[in-house]
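The structure appears below as structure tokens.
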Amino acid sequence: MLRNIGAVTAAMGVVGASFGAIAVSAGQPAWVPVIMSLAVFAGGAQFATLDIVLGGGGAVAAVAAGLLLNARLLVYGLTVADVLALRRPARLLGSHLLADQAVAFAGAERDPVRRRTAYFVCGGALFVTWNVGTLLGALAGRAVGDARALGLDAAEPMVLLALVLPALRETGPRRAALAGTAVALAAAPFLPNGVPVLLALLGLPAALWGVPGAGRRVAPVRGAALARAVPQPQQPPLLQGNPQAPHAPHAQESTDPSAGDLS
């Protein structure tokens, strides 16, 4: 687990350096990407906000885009609710460390202790490497020139793709991923950035397709309930082979003289 977390966090450090370099090379002061990475700590939202600001958009549009992209974190919070069931200071810290990669590593564990460990180790390592990368990128931004030409920002989606690939071996997640991808691709030409990603959540019900009993409640059978309600006559105990059975009353003797005559 630690080896995988190290590889992911190293890649995200490179993406953080790309963010810092892009912001500074576009004319922003070095403290802007650094403070944003510390306070927001959300790669996709930070890139979207930066794109809107550099494109001439207002602060309201930039903040709205960041909130829209981070709306998926509401679902993530439900996924790791057991991990964040801590006292308030630790819960606030864990909420700030909420990221796609931390949730993915926590979801791969079944033991509660390992889930919490994976979440906080990955989230903490991501926070450190992302901010260190942003600082280094901001310092080197003016010397790099056009940082987008290096293609460093492509590292983030590649890392996320590598994280979800093992889950696609199962039928349910694969169906949900395909359905969500179809919805996002269909909506991408008509909606702003970020909205098609949220609409991809509509593919989640496809994971339940074909699962017996999924989404259905089994109604009780009325006949069986009536049968349990009606008292059943008690069966007399067996007489043969049961020494504990009570003695049966003497049968009435037959008046037929031939009865019992086997000759």
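Numbering starts fresh at 1 for the residues of each chain in the structure tokens, the chains themselves are lettered A, B, ... in the order given, and ligands are numbered from 1 as they appear.
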Inset, instruction - Just the residues within 7 Å of Ala10 of chain A, please, counting only C-alpha atoms, with nothing from its chain fewer than 4 positions along; format it as a PyMOL selection string. - result: chain A and resi 6+14+129
Extract, using only C-alpha atoms, all DNA, RNA and protein residues at most 12 Å from His96 of chain A, discarding same-chain residues fewer than 4 positions from it, and format them as a PDB file with N, CA and C atoms, in the first residue's frame.
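Wrote part_37.pdb, looks like this:
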ATOM      1  N   SER A  37      -3.279  26.408  -3.206  1.00  0.00           N
ATOM      2  CA  SER A  37      -3.041  24.990  -2.952  1.00  0.00           C
ATOM      3  C   SER A  37      -3.180  24.661  -1.472  1.00  0.00           C
ATOM      4  N   LEU A  38      -2.766  25.571  -0.603  1.00  0.00           N
ATOM      5  CA  LEU A  38      -2.895  25.347   0.828  1.00  0.00           C
ATOM      6  C   LEU A  38      -4.352  25.391   1.282  1.00  0.00           C
ATOM      7  N   ALA A  39      -5.110  26.342   0.757  1.00  0.00           N
ATOM      8  CA  ALA A  39      -6.471  26.569   1.243  1.00  0.00           C
ATOM      9  C   ALA A  39      -7.504  25.698   0.543  1.00  0.00           C
ATOM     10  N   VAL A  40      -7.339  25.479  -0.758  1.00  0.00           N
ATOM     11  CA  VAL A  40      -8.334  24.730  -1.526  1.00  0.00           C
ATOM     12  C   VAL A  40      -7.982  23.256  -1.593  1.00  0.00           C
ATOM     13  N   PHE A  41      -6.750  22.948  -1.980  1.00  0.00           N
ATOM     14  CA  PHE A  41      -6.257  21.574  -2.089  1.00  0.00           C
ATOM     15  C   PHE A  41      -7.212  20.712  -2.918  1.00  0.00           C
ATOM     16  N   ALA A  42      -7.418  21.123  -4.150  1.00  0.00           N
ATOM     17  CA  ALA A  42      -8.273  20.375  -5.076  1.00  0.00           C
ATOM     18  C   ALA A  42      -7.777  20.664  -6.479  1.00  0.00           C
ATOM     19  N   LEU A  73     -17.247  15.749  -4.141  1.00  0.00           N
ATOM     20  CA  LEU A  73     -16.726  15.439  -2.813  1.00  0.00           C
ATOM     21  C   LEU A  73     -17.841  15.165  -1.817  1.00  0.00           C
ATOM     22  N   GLY A  77     -17.612  12.085   0.619  1.00  0.00           N
ATOM     23  CA  GLY A  77     -17.759  12.187   2.063  1.00  0.00           C
ATOM     24  C   GLY A  77     -18.648  11.096   2.628  1.00  0.00           C
ATOM     25  N   LEU A  84     -14.041   9.143   8.849  1.00  0.00           N
ATOM     26  CA  LEU A  84     -14.012  10.469   9.457  1.00  0.00           C
ATOM     27  C   LEU A  84     -14.870  10.563  10.710  1.00  0.00           C
ATOM     28  N   PRO A  89     -11.599  18.197  15.722  1.00  0.00           N
ATOM     29  CA  PRO A  89     -10.351  18.633  15.071  1.00  0.00           C
ATOM     30  C   PRO A  89      -9.835  17.636  14.039  1.00  0.00           C
ATOM     31  N   ALA A  90      -9.847  16.334  14.389  1.00  0.00           N
ATOM     32  CA  ALA A  90      -9.399  15.318  13.438  1.00  0.00           C
ATOM     33  C   ALA A  90     -10.344  15.204  12.256  1.00  0.00           C
ATOM     34  N   ARG A  91     -11.637  15.406  12.496  1.00  0.00           N
ATOM     35  CA  ARG A  91     -12.611  15.345  11.405  1.00  0.00           C
ATOM     36  C   ARG A  91     -12.409  16.494  10.423  1.00  0.00           C
ATOM     37  N   LEU A  92     -12.142  17.701  10.952  1.00  0.00           N
ATOM     38  CA  LEU A  92     -11.883  18.836  10.079  1.00  0.00           C
ATOM     39  C   LEU A  92     -10.621  18.625   9.245  1.00  0.00           C
ATOM     40  N   ALA A 102      -7.176   9.589  -2.062  1.00  0.00           N
ATOM     41  CA  ALA A 102      -7.325   9.118  -0.687  1.00  0.00           C
ATOM     42  C   ALA A 102      -8.565   8.251  -0.538  1.00  0.00           C
ATOM     43  N   TYR A 119      -6.420   6.194   4.253  1.00  0.00           N
ATOM     44  CA  TYR A 119      -6.972   7.510   3.930  1.00  0.00           C
ATOM     45  C   TYR A 119      -6.060   8.631   4.410  1.00  0.00           C
ATOM     46  N   PHE A 120      -5.663   8.581   5.669  1.00  0.00           N
ATOM     47  CA  PHE A 120      -4.880   9.682   6.222  1.00  0.00           C
ATOM     48  C   PHE A 120      -3.439   9.677   5.715  1.00  0.00           C
ATOM     49  N   GLY A 123      -3.881  10.954   2.050  1.00  0.00           N
ATOM     50  CA  GLY A 123      -4.284  12.353   2.046  1.00  0.00           C
ATOM     51  C   GLY A 123      -3.187  13.278   2.552  1.00  0.00           C
ATOM     52  N   GLY A 124      -2.505  12.868   3.632  1.00  0.00           N
ATOM     53  CA  GLY A 124      -1.424  13.700   4.151  1.00  0.00           C
ATOM     54  C   GLY A 124      -0.248  13.794   3.189  1.00  0.00           C
ATOM     55  N   LEU A 126      -0.369  13.412  -0.047  1.00  0.00           N
ATOM     56  CA  LEU A 126      -0.801  14.227  -1.181  1.00  0.00           C
ATOM     57  C   LEU A 126      -0.723  15.710  -0.864  1.00  0.00           C
ATOM     58  N   PHE A 127      -1.157  16.079   0.336  1.00  0.00           N
ATOM     59  CA  PHE A 127      -1.138  17.490   0.715  1.00  0.00           C
ATOM     60  C   PHE A 127       0.292  18.040   0.700  1.00  0.00           C
TER      61      PHE A 127
END
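Between Ala48 of chain A and the residues A:Ile35, A:Val75, A:Ala62, A:Ala17, the shortest atom-to-atom distance, using only C-alpha atoms, involves A:Ala62.
Neighbours of Val63 of chain A closer than or equal to 12 Å, with only C-alpha atoms counted and sequence neighbours fewer than 2 positions away skipped, come out as Met36, Val40, Ala45, Gln46, Phe47, Ala48, Thr49, Leu50, Asp51, Ile52, Val53, Gly57, Gly58, Ala59, Val60, Ala61, Ala65, Gly66, Leu67, Leu68, Leu69 and Asn70 of chain A.
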Can you spit out the residues from that selection as a compact mmCIF listing (two decimals), in the first residue's frame, using N, CA, C and O atoms?
# COMPACT_ATOMS: atom_id res chain seq x y z
N MET A 36 -3.53 29.19 -2.82
CA MET A 36 -4.67 28.41 -3.31
C MET A 36 -4.49 26.93 -3.03
O MET A 36 -5.44 26.24 -2.62
N VAL A 40 -7.34 25.48 -0.76
CA VAL A 40 -8.33 24.73 -1.53
C VAL A 40 -7.98 23.26 -1.59
O VAL A 40 -8.81 22.38 -1.31
N ALA A 45 -10.35 21.60 -9.40
CA ALA A 45 -10.99 22.89 -9.13
C ALA A 45 -9.99 24.03 -9.27
O ALA A 45 -10.33 25.12 -9.76
N GLN A 46 -8.75 23.81 -8.84
CA GLN A 46 -7.74 24.85 -8.96
C GLN A 46 -7.43 25.15 -10.42
O GLN A 46 -7.31 26.32 -10.82
N PHE A 47 -7.29 24.13 -11.24
CA PHE A 47 -7.02 24.35 -12.66
C PHE A 47 -8.19 25.06 -13.34
O PHE A 47 -7.99 25.96 -14.17
N ALA A 48 -9.43 24.65 -13.00
CA ALA A 48 -10.60 25.29 -13.61
C ALA A 48 -10.70 26.76 -13.22
O ALA A 48 -10.98 27.63 -14.05
N THR A 49 -10.47 27.04 -11.93
CA THR A 49 -10.51 28.43 -11.48
C THR A 49 -9.44 29.27 -12.16
O THR A 49 -9.69 30.40 -12.59
N LEU A 50 -8.24 28.70 -12.27
CA LEU A 50 -7.15 29.43 -12.92
C LEU A 50 -7.46 29.69 -14.39
O LEU A 50 -7.19 30.79 -14.90
N ASP A 51 -8.04 28.71 -15.06
CA ASP A 51 -8.38 28.89 -16.47
C ASP A 51 -9.37 30.03 -16.67
O ASP A 51 -9.26 30.83 -17.60
N ILE A 52 -10.37 30.10 -15.78
CA ILE A 52 -11.38 31.16 -15.91
C ILE A 52 -10.78 32.53 -15.63
O ILE A 52 -11.04 33.51 -16.34
N VAL A 53 -9.91 32.61 -14.61
CA VAL A 53 -9.28 33.89 -14.29
C VAL A 53 -8.37 34.34 -15.43
O VAL A 53 -8.40 35.51 -15.84
N GLY A 57 -12.45 35.78 -16.99
CA GLY A 57 -13.69 35.63 -16.24
C GLY A 57 -13.61 36.30 -14.88
O GLY A 57 -12.53 36.56 -14.36
N GLY A 58 -14.75 36.53 -14.28
CA GLY A 58 -14.81 37.19 -12.99
C GLY A 58 -14.58 36.22 -11.85
O GLY A 58 -14.52 34.99 -12.02
N ALA A 59 -14.48 36.78 -10.64
CA ALA A 59 -14.25 35.97 -9.46
C ALA A 59 -15.44 35.06 -9.16
O ALA A 59 -15.27 33.92 -8.72
N VAL A 60 -16.65 35.56 -9.40
CA VAL A 60 -17.84 34.75 -9.13
C VAL A 60 -17.86 33.51 -10.02
O VAL A 60 -18.14 32.40 -9.55
N ALA A 61 -17.56 33.69 -11.30
CA ALA A 61 -17.54 32.55 -12.22
C ALA A 61 -16.44 31.56 -11.84
O ALA A 61 -16.63 30.34 -11.92
N ALA A 65 -17.19 27.71 -10.64
CA ALA A 65 -16.62 26.55 -11.34
C ALA A 65 -15.91 25.62 -10.37
O ALA A 65 -16.04 24.39 -10.46
N GLY A 66 -15.17 26.20 -9.41
CA GLY A 66 -14.50 25.36 -8.42
C GLY A 66 -15.48 24.59 -7.56
O GLY A 66 -15.29 23.41 -7.29
N LEU A 67 -16.56 25.25 -7.13
CA LEU A 67 -17.57 24.57 -6.33
C LEU A 67 -18.28 23.49 -7.12
O LEU A 67 -18.61 22.42 -6.58
N LEU A 68 -18.52 23.74 -8.38
CA LEU A 68 -19.19 22.75 -9.22
C LEU A 68 -18.34 21.50 -9.38
O LEU A 68 -18.84 20.38 -9.26
N LEU A 69 -17.05 21.70 -9.62
CA LEU A 69 -16.18 20.54 -9.77
C LEU A 69 -16.01 19.78 -8.46
O LEU A 69 -15.86 18.55 -8.45
N ASN A 70 -16.03 20.49 -7.35
CA ASN A 70 -15.85 19.83 -6.06
C ASN A 70 -17.15 19.26 -5.50
O ASN A 70 -17.15 18.70 -4.40
Legend entry - Atom pair atom CA of Arg142 of chain A / atom CA of Ser25 of chain A: separation (Å):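 Between these atoms lies a distance of 5.1 Å.
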Inset, instruction - Could you please determine the separation between atom CA of Leu54 of chain A and atom CA of Gly133 of chain A in Å, to one decimal place? - result: 20.7 Å
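Atom CA of Phe19 of chain A is positioned 15.5 Å from atom CA of Gly55 of chain A.
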Legend entry - Who sits within 10 Å of Phe105 of chain A, only C-alpha atoms, same chain under 4 positions skipped, as a PyMOL selection string: chain A and resi 1+4-5+100-101+109+114-123+163
Inset, instruction - Return as a PyMOL selection string the full set of residues in segment 20-194 of chain A whose backbone-based DSSP assignment is helix (DSSP H, G or I). - result: chain A and resi 20-25+31-39+43-54+59-69+72-79+88-96+100-107+112-144+147-150+152-164+166-169+171-187
